[in-house]
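The next block holds one structure in the form of structure tokens; read it before the comments.
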Amino acid sequence: MDIIVCIKRVPETAEADLVIDGSKKAIDTDGLVFSINEWDNYAVEAAIQLKEAEGGTITVISVGPEENNEVLRRALAMGADEALRLTDPAFEGSDAYAMAKILAAAIKDIPHDLILTGVQADDDGFGAVGVALAQMLELPYAALVTDIKKEGDTLTVHRELEGGLEEVDTLKLPALLTIQTGINEPRYVSIMGIRRVAKKEIGAKGVADLGLSEEEVGLKGSLSQIEELFFPPVGEGAEIIEGTMDEKAEALVKILKERGGIG
Amino acid sequence: MEKIAVLVEHRQNEVRDITFEMLGKAHQLLEGGGEVIALFLGDVSQKGLLDQITPHAHRTVAYLDSNLKDFEPLRYQAAFTNIFENVDCQLILMGQTAFGMDFAPAIAAKWKIPFTTDVVDIEASEELHAIRQMYSGKVNAKVSLKPGEKMLCTVRAGAFPAEDIPTVSGELQEITGAIEGDFSARTFVEYLEAAVGDVDITQADIIVSVGRGIKDADNIPIAQELADALGGVVACSRPVADKKWLPKERQVGTSGKTVKPKVYIALGISGAFQHQAGMKGANTIIAVNKDPKAPIFSIAHYGIVDDLFKVVPALTEKVKELRG
């Protein structure tokens with residue numbers, strides 16, 4: 001089974017102090033650490049597990065500048081066979097729809113039985129590229145997948161619904177799945193592993209190579225655009241307890257006693 | 001804006017809250033004028049659900065077919081085509097939910113409808129602007145959509161109130177007739193109910209909940225010890241369940257459990273909205289986190305900005321002393 005996995009390189013922002021840049025349309029990424037989007041890491045692992053069971057090849061694709069080779073190499077070290085980077089100044093400003101068009105243009109030339117993406121990306125959080133891509137490629141798809149079983153040319157998948165409920169669906173290959181976190185335990189990537197694939201050539205394709213025009217991608221080819229970024233209004237917020245550790249613990253015990261927190 | 005369509009979301013014979021949240025927002029955007037249109041796809045046996053919808057929409061368009069009982073995107077898309085081509089509206093609202101995330105982007109891509117997802121607010125004065133969150137809720141983005149005949153937004157669950165939705169005298173328009181096509185490429189099989197674990201966190205008065213900040217499965221006992229001292233139970237946020245450090249049935253949030261304990265202690269939990277949705281009903285929320293900008297502090301009643309590995313042992317010690 002030949003699998004394509006679409007992966008994204010995103011800044012780690014969970015514990016970072018974010019700054020909106022001068023354009024007001026992006027954050028200042030200087031000093032931020034970048035890594036593979038968490039959902040995509042699970043998608044790569046899912047592809048490798050399927051390959052281990054079924055054979056075939058894995059191609060990883062990422063849209064972005066040369067730095068994206070880091071996440072592509074990481075995926076190669078995990079067990080992917082080929083990597084492709086899609087890059088062009090014209091891609092700048094692409095929304096989920098334009099991004100799906102770019103990926104679709106690249107994928108139509110690569111043989112595939114299955115395409116995997118993450119459910120969403122940690123930075124823009126659209127949760128839309130995978131499903132839009134499936135529509136453009138006219139493939140059956142399922143979003144929010146937490147389990148995959150393959151039998152012949154049929155997949156049986158679980159989808160995560162709300163409140164702990166799941167749904168079981170069957171899909172006919174070729175198909176596209178968007179992968180939810182927690183579906184597996186992504187393998188560890190060692191420095192040795194990365195070194196082993198350091199020399200592996202990673203191809204790059206631009207807008208013309210993909211048979212697209214500049215009008216179809218980037219801001220021009222998008223259906224939406226960011227006008228302005230701003231920080232969410234801060235609510236009343238918590239009463240912050242200060243003091244020495246002993247004083248903090250003492251204050252917490254008092255609150256717990258008052259609020260029924262000591263059962 | 002004159003006409004806004006809302007795609008009704010239902011599952012296992014219940015209309016989901018997001019439906020009312022979207023209907024309420026649609027009425028608000030139209031400010032009493034215009035037309036709120038509810039779109040319903042379902043089985044004839046689910047027609048009873050429409051009684052909850054029709055009072056809140058000027059018009060309800062229901063496509064009823066025995067094959068629309070459970071969500072199948074290919075079949076739903078075929079049914080939606082009929083509605084799409086026959087219902088005049090400028091804006092379509094769907095939920096950013098397990099249903100909407102599996103449906104809306106395909107609809108938008110198919111008809112090239114300008115769209116954006118997971119919006120927490122919509123402004124429709126002269127132009128339409130959507131407010132959505134980026135970077136795990138740390139930054140808001142004001143997004144404009146390319147002008148189009150129709151536009152589509154998916155709405156974050158819980159972003160708008162589900163109560164006090166205006167009541168109007170609405171008409172019901174039924175569409176029946178088989179949907180043509182081969183939809184076997186994806187078929188619904190069944191629902192799987194959540195596993196029942198050894199501990200039911202929804203019944204606990206005191207919850208000690210751990211997030212990514214707990215760093216390792218080996219550190220869970222630190223939280224367990226505090227929970228034991230308090231007479232409570234240990235729960236977690238999504239990353240902890242994803243890593244299998246605690247079982248899925250201990251997860252609090254949209255895709256896990258909704259809890260309303262007397263006291264909820266959040267340790268090393270940043271407080272993504274999906275987590276907040278599962279615990280904001282707690283009487284008292286105490287958060288311990290190193291990051292003073294963690295969203296959890298906006299919902300907590302009390303906060304300690306410090307290392308949980310220092311705070312928790314000190315607190316556990318004090319509680320044990322108290323209990324003798």
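Residues in the structure tokens are named by chain (A, B, ... in the order shown) and by number from 1 within that chain; ligands are numbered from 1 in the order shown.
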
Quick one: contact table of chain A to chain B, 6 Å max, nearest atom pair and distance in Å to one decimal per residue, counting only C-alpha atoms, chain and number order, as a tab-separated table?
```
residue	atom	partner	partner_atom	distance
A:Asp123	CA	B:Tyr135	CA	4.5
A:Asp124	CA	B:Met134	CA	4.8
A:Phe126	CA	B:Thr117	CA	5.7
A:Ala128	CA	B:Pro105	CA	5.4
A:Val131	CA	B:Ala106	CA	5.7
A:Ala132	CA	B:Ala106	CA	4.9
A:Gln135	CA	B:Ala106	CA	5.3
A:Pro140	CA	B:Ala185	CA	5.9
A:Ala143	CA	B:Asp102	CA	5.2
A:Leu161	CA	B:Ala98	CA	5.2
A:Glu162	CA	B:Ser255	CA	4.5
A:Gly163	CA	B:Ser255	CA	4.7
A:Gly164	CA	B:Gly256	CA	4.8
A:Leu165	CA	B:Glu193	CA	5.0
A:Glu166	CA	B:Leu192	CA	4.9
A:Glu167	CA	B:Tyr191	CA	4.4
A:Val168	CA	B:Glu190	CA	5.3
A:Asp169	CA	B:Phe188	CA	4.6
A:Thr170	CA	B:Thr187	CA	5.3
A:Leu171	CA	B:Arg186	CA	4.4
A:Lys172	CA	B:Ala185	CA	4.9
A:Gly182	CA	B:Asp242	CA	3.8
A:Leu223	CA	B:Pro114	CA	4.6
A:Ser224	CA	B:Leu145	CA	4.3
A:Gln225	CA	B:Ser144	CA	5.5
A:Ile226	CA	B:Val143	CA	4.4
A:Glu227	CA	B:Val143	CA	5.4
A:Glu228	CA	B:Lys142	CA	5.2
A:Leu229	CA	B:Ala141	CA	4.4
A:Phe230	CA	B:Asn140	CA	5.3
A:Phe231	CA	B:Val139	CA	4.9
A:Pro232	CA	B:Asn140	CA	5.6
A:Gly235	CA	B:Ser298	CA	5.8
A:Gly237	CA	B:Ser298	CA	4.0
A:Ala238	CA	B:His301	CA	4.5
A:Glu239	CA	B:Tyr302	CA	4.7
A:Ile240	CA	B:Gly303	CA	4.6
A:Ile241	CA	B:Ile304	CA	5.5
A:Ala249	CA	B:Leu315	CA	4.8
A:Gly261	CA	B:Val263	CA	5.4
A:Ile262	CA	B:Leu230	CA	4.7
A:Gly263	CA	B:Gly231	CA	4.9
```

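Near Met22 in chain B, within 9 Å and counting only C-alpha atoms, sit Val6, Leu7, Val8, Asp17, Ile18, Ala26, His27, Leu93, Met94, Gly95, Val155, Phe160, Pro161 and Ala162 of chain B; same-chain residues fewer than 4 positions away were not included.
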
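Taking only C-alpha atoms into account, Tyr97 in chain A lies nearest to A:Leu219 out of the set A:Ala14, A:Leu84, A:Leu219, A:Leu116.
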
Picked from range 11-236 of chain B by DSSP as alpha helix (DSSP H), as an NGL selection string: :B and (17-30 or 50-53 or 73-86 or 104-111 or 220-230)

Between CA of Ser35 in chain A and CA of Ala266 in chain B - distance in Å to one decimal: 26.5 Å

Strand (DSSP E or B) per DSSP on the backbone: members of range 23-234 of chain B, as a VMD selection string: chain B and resid 35 to 42 59 to 64 91 to 95 115 to 124 128 to 134 139 to 145 151 to 155 171 to 175 186 to 192 206 to 210 233 to 234

Point-to-point distance from CA of Ile107 in chain A to CA of Leu139 in chain A, Å rounded to tenths: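 One can read the CA of Ile107 in chain A to CA of Leu139 in chain A distance as 12.0 Å.
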
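Shortest separation to Gly213 in chain B among A:Glu15, A:Lys220, A:Asp21, A:Met192 occurs at residue A:Glu15, atoms counted being only C-alpha atoms.
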
Between CA of Asp246 in chain A and CA of Ile201 in chain B, distance in Å (one decimal):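 So the answer is 29.6 Å.
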
Selection near range 92-95 of chain A, 6 Å with only C-alpha atoms, sequence-local residues under 2 positions removed, as a PyMOL selection string: chain A and resi 89-90+97-99+218-219+222

Shortest interatomic distance to Ile36 in chain A - which of A:Gly211, A:Gly130, A:Gly118, A:Pro233, counting only C-alpha atoms: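 Closest candidate: A:Gly118.
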
Residues within 12 Å of Gln28 in chain B, only C-alpha atoms, excluding chain neighbours under 3 positions, as a list in words: Met1, Glu2, Ile4, Glu21, Met22, Leu23, Gly24, Lys25, Glu31, Gly32, Gly33, Gly34, Glu35, Val36, Asp121, Ile122, Glu123, Ala124, Ser125, Phe160, Pro161, Asp164, Ile165 and Pro166 of chain B

Residues within 6 Å of Cys236 in chain B, only C-alpha atoms, excluding chain neighbours under 6 positions, as a VMD selection string: chain B and resid 209 to 211 250 to 251

Take the residues just selected and output them with N, CA and C atoms as an mmCIF file, in the first residue's frame.
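The file below, out-v2.cif, is the result:
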```cif
data_model
loop_
_atom_site.group_PDB
_atom_site.id
_atom_site.type_symbol
_atom_site.label_atom_id
_atom_site.label_comp_id
_atom_site.auth_asym_id
_atom_site.auth_seq_id
_atom_site.Cartn_x
_atom_site.Cartn_y
_atom_site.Cartn_z
ATOM 1 N N SER B 209 -6.651 17.251 38.471
ATOM 2 C CA SER B 209 -6.502 16.953 37.053
ATOM 3 C C SER B 209 -5.118 17.363 36.563
ATOM 4 N N VAL B 210 -4.507 16.487 35.775
ATOM 5 C CA VAL B 210 -3.145 16.758 35.313
ATOM 6 C C VAL B 210 -3.103 16.962 33.804
ATOM 7 N N GLY B 211 -2.205 17.835 33.370
ATOM 8 C CA GLY B 211 -2.028 18.111 31.944
ATOM 9 C C GLY B 211 -0.607 17.840 31.500
ATOM 10 N N ARG B 250 -10.607 8.956 31.875
ATOM 11 C CA ARG B 250 -10.268 9.993 32.860
ATOM 12 C C ARG B 250 -10.149 11.368 32.204
ATOM 13 N N GLN B 251 -10.316 11.433 30.890
ATOM 14 C CA GLN B 251 -10.097 12.705 30.178
ATOM 15 C C GLN B 251 -11.292 13.648 30.315
#
```

Residues within 8 Å of Ala105 in chain A, only C-alpha atoms, excluding chain neighbours under 2 positions, as a ChimeraX atom specification: /A:101-103,107-109,210-212

Output N, CA, C and O atoms for every residue in that selection, as a compact mmCIF listing (two decimals), in the first residue's frame.
```txt
# COMPACT_ATOMS: atom_id res chain seq x y z
N LYS A 101 -5.36 22.99 -2.51
CA LYS A 101 -5.12 22.99 -3.97
C LYS A 101 -3.66 22.66 -4.29
O LYS A 101 -3.36 21.90 -5.22
N ILE A 102 -2.76 23.26 -3.50
CA ILE A 102 -1.32 23.02 -3.71
C ILE A 102 -1.01 21.53 -3.49
O ILE A 102 -0.34 20.89 -4.31
N LEU A 103 -1.51 20.99 -2.40
CA LEU A 103 -1.27 19.57 -2.09
C LEU A 103 -1.89 18.66 -3.15
O LEU A 103 -1.28 17.67 -3.58
N ILE A 107 -0.08 15.76 -5.32
CA ILE A 107 -0.46 14.38 -5.04
C ILE A 107 -0.97 13.66 -6.29
O ILE A 107 -0.79 12.45 -6.45
N LYS A 108 -1.56 14.39 -7.23
CA LYS A 108 -2.13 13.71 -8.40
C LYS A 108 -1.05 13.02 -9.24
O LYS A 108 -1.34 12.10 -9.98
N ASP A 109 0.20 13.44 -9.07
CA ASP A 109 1.28 12.80 -9.84
C ASP A 109 1.98 11.68 -9.07
O ASP A 109 2.92 11.07 -9.59
N LEU A 210 4.02 22.38 -10.45
CA LEU A 210 2.77 21.72 -10.07
C LEU A 210 1.66 21.97 -11.08
O LEU A 210 0.54 21.48 -10.92
N GLY A 211 1.97 22.73 -12.11
CA GLY A 211 0.95 23.01 -13.13
C GLY A 211 -0.11 23.98 -12.63
O GLY A 211 -1.24 24.00 -13.13
N LEU A 212 0.26 24.78 -11.63
CA LEU A 212 -0.69 25.77 -11.10
C LEU A 212 -0.28 27.16 -11.58
O LEU A 212 0.88 27.39 -11.95
```

Residue among A:His112, A:Val217, A:Ala104, A:Leu173 lying closest to Ile58 in chain A, counting only C-alpha atoms: A:His112

Residue contacts of Asn13 in chain B (12 Å, only C-alpha atoms) excluding same-chain residues fewer than 6 positions away, as number ranges by chain: B: 42-50, 52, 69-70

Proximity to Asp81 in chain A - best of A:Lys8, A:Lys150, A:Lys25, A:Lys200, only C-alpha atoms: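 Answer, going by the shortest atom-to-atom distance: A:Lys200.
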